[in-house]
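**Student:** I'd like to ask some things about the structure below.
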Amino acid sequence: STHRACGQEQARSKKAVSRPGQECLLIKISITSAAARTFITHLHRQTQAWSICTSTMAMAGKGSCPLITIQPSRGLIDEKFQITVKNLLPGQAVTLHSLTQSEDSDFWEAFGHYVSDGKGTVKVAEDVSLGGSYDGLEPMGLLWSMKPAPGSRPGLRFRKKDVNTPLVMRIYVYKGHMRDGFNAESALACAVTERSYMAPGVRRTEISQDGVLGTLFVPPGPGPFPAVLDMWGGGGGLVEYRSALLASHGYASLALEYLSHSEGQNAWASQSLEEQYFETAFTILKDHPRVASDRMALLGLSFGSSIALRLTVYSKVVNPRCLVCISGSHVQLVGNSISNSFHEFNMNINGMTRTDDNNNLIWRNLILPIPTEANRKVQVGRIKCPLLLIVGEDDQNWPTAESAEDMEKMMEAAGNRHLLTTLSYPGAGHLIEPPYSPH
């Protein structure tokens, strides 16, 4: 995690390349990690850094190049790291620029503006960013504020597909306060960090059993472990990274696939949208020999929350110890099957949705106003386990704030309000990811 030589890459090879008389250069290149895949693309930043390093050293009256460290250099995506830049001029304005390349070959970036202290040091955990893609004291801003680089394809979403490999991120230090044109400039220093969703020792097993599809993640050790049935939203497909991260923190987690992309327009009529499919998945997880069968939880995002609420209240098979709903709602046709409820939402899209000034599709009116009829919403007053609602107050996909308020009223009237905890975040939208995740 330590990089001298004004922006030279770290890697894991034991061989170093050096030039006589230019002691500040230290290049280590790994061809075994994902970091090497884009090394060639950015090599010009390193090879052009000599003149900047020399001038910086001369101005500072010292014989050391700027130095950037990241500790720890490897860790989980939700684990904080410390970024420190040393050997700058006192009071020097610099830009810290983070860059990563997604598995779809799109570049994502973030940057912050800093000024070094009297010793020529910047500590991101202690110093405020004066501008950039974030501002203020944000120790993890170079990760969570990442956005697609200028000129990228529209409509991108950052989603790690292969949890077996880490997210590889470079952090560059540039002279002055920059907002763009990073590719055209030479960096003073560079460091590489790897952030993973799956910790060492976590076991990943693909599930295809009794018609259920998904991926099971189990922590290292004999167990038994508390377990989570992890259900994503109406976008469909199999999403693994949240379950992998849960297993990294000691929870067995089954990332459940439903609304498969292969089913196309008929996904809403799929068997994977029937109550029995989710009940079978819950039973498979519950019966696993390394799972504590009396410590099971449901976790849902968006439409997955609607399913989780429905199962908790009405299923005779699913009996979770707790329930977590992210950006969800209790509004649905209770008398109908899950597939029919989903189909109704799809049928109303054209008439009940609108676009904003940026041509973004606004869905939240699909179920507004919150109905008063009992058969139009899950009777959350019957919930007997702790319920955590996570709400983004600027959610334009789903009226999650209004739904949370109505659920609280229903539970208050039923006498189980003490089981409800609501975490509400001003300015947050629909997609609430694991901590520090770019999206």
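Naming scheme: A, B, ... for chains in displayed order of the structure tokens; residues 1 onward per chain; ligands 1 onward as shown.
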Taking a cut-off of 12 Å and counting only C-alpha atoms, can you build a table that, for each residue of region 62-148 of chain A near region 175-194 of chain A, reports the nearest atom pair and how far apart they are in Å (one decimal), sorted by chain then residue number, as a tab-separated table?
**Tutor:**
```
residue	atom	partner	partner_atom	distance
A:Ser64	CA	A:Leu188	CA	11.6
A:Cys65	CA	A:Leu188	CA	7.9
A:Pro66	CA	A:Ala189	CA	6.1
A:Leu67	CA	A:Ala189	CA	6.2
A:Ile68	CA	A:Ala191	CA	6.3
A:Thr69	CA	A:Ala191	CA	6.6
A:Ile70	CA	A:Thr193	CA	7.0
A:Gln71	CA	A:Thr193	CA	8.7
A:Pro72	CA	A:Thr193	CA	8.1
A:Ser73	CA	A:Thr193	CA	4.8
A:Arg74	CA	A:Glu194	CA	4.8
A:Gly75	CA	A:Glu194	CA	6.6
A:Leu76	CA	A:Glu194	CA	8.3
A:Ile77	CA	A:Glu194	CA	8.5
A:Asp78	CA	A:Glu194	CA	11.8
A:Glu79	CA	A:Glu194	CA	11.1
A:Lys80	CA	A:Thr193	CA	11.7
A:Phe81	CA	A:Thr193	CA	9.3
A:Gln82	CA	A:Thr193	CA	10.9
A:Ile83	CA	A:Ala191	CA	9.4
A:Thr84	CA	A:Ala191	CA	10.3
A:Val85	CA	A:Ala189	CA	8.6
A:Lys86	CA	A:Ala189	CA	9.9
A:Asn87	CA	A:Leu188	CA	10.4
A:Leu88	CA	A:Leu188	CA	9.3
A:Leu89	CA	A:Lys175	CA	10.5
A:Gly91	CA	A:Gly176	CA	11.0
A:Gln92	CA	A:Gly176	CA	7.6
A:Ala93	CA	A:Gly176	CA	4.8
A:Val94	CA	A:Gly176	CA	4.5
A:Thr95	CA	A:His177	CA	5.2
A:Leu96	CA	A:His177	CA	8.9
A:His97	CA	A:Phe182	CA	8.2
A:Ser98	CA	A:Val192	CA	9.5
A:Leu99	CA	A:Val192	CA	9.7
A:Thr100	CA	A:Val192	CA	9.9
A:Phe107	CA	A:Asn183	CA	11.9
A:Glu109	CA	A:Phe182	CA	10.2
A:Ala110	CA	A:Arg179	CA	9.7
A:Phe111	CA	A:Arg179	CA	7.7
A:Gly112	CA	A:His177	CA	8.3
A:His113	CA	A:His177	CA	5.7
A:Tyr114	CA	A:His177	CA	7.7
A:Val115	CA	A:Gly176	CA	8.9
A:Ser116	CA	A:Gly176	CA	11.1
A:Ser129	CA	A:His177	CA	10.6
A:Leu130	CA	A:His177	CA	9.2
A:Gly131	CA	A:His177	CA	8.6
A:Gly132	CA	A:Arg179	CA	6.7
A:Ser133	CA	A:Arg179	CA	8.8
A:Tyr134	CA	A:Arg179	CA	11.7
A:Leu142	CA	A:Thr193	CA	11.7
A:Leu143	CA	A:Thr193	CA	10.8
```
**Student:** Write out as an MDAnalysis selection string all residues of region 252-397 of chain A that DSSP puts in helix (DSSP H, G or I) for this structure's backbone.
**Tutor:** chainID A and resid 261:269 271:273 275:286 303:314 338:347 349:352 364:367 374:376 380:382
**Student:** Which polymer residues have any atom within 7 Å of an atom of Ala255 (chain A), counting only C-alpha atoms, with same-chain residues fewer than 5 positions away left out, as a PyMOL selection string?
**Tutor:** chain A and resi 214-216+229-231+239-240+243
**Student:** How many Å separate CA of Pro371 (chain A) from CA of Ala404 (chain A)?
**Tutor:** 13.2 Å
**Student:** Please determine, counting only C-alpha atoms, which residue among A:Ser302, A:Ser248, A:Thr422, A:Gln101 has the shortest atom-to-atom distance to Glu405 (chain A).
**Tutor:**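 Among the listed residues, A:Thr422 lies closest to Glu405 (chain A).
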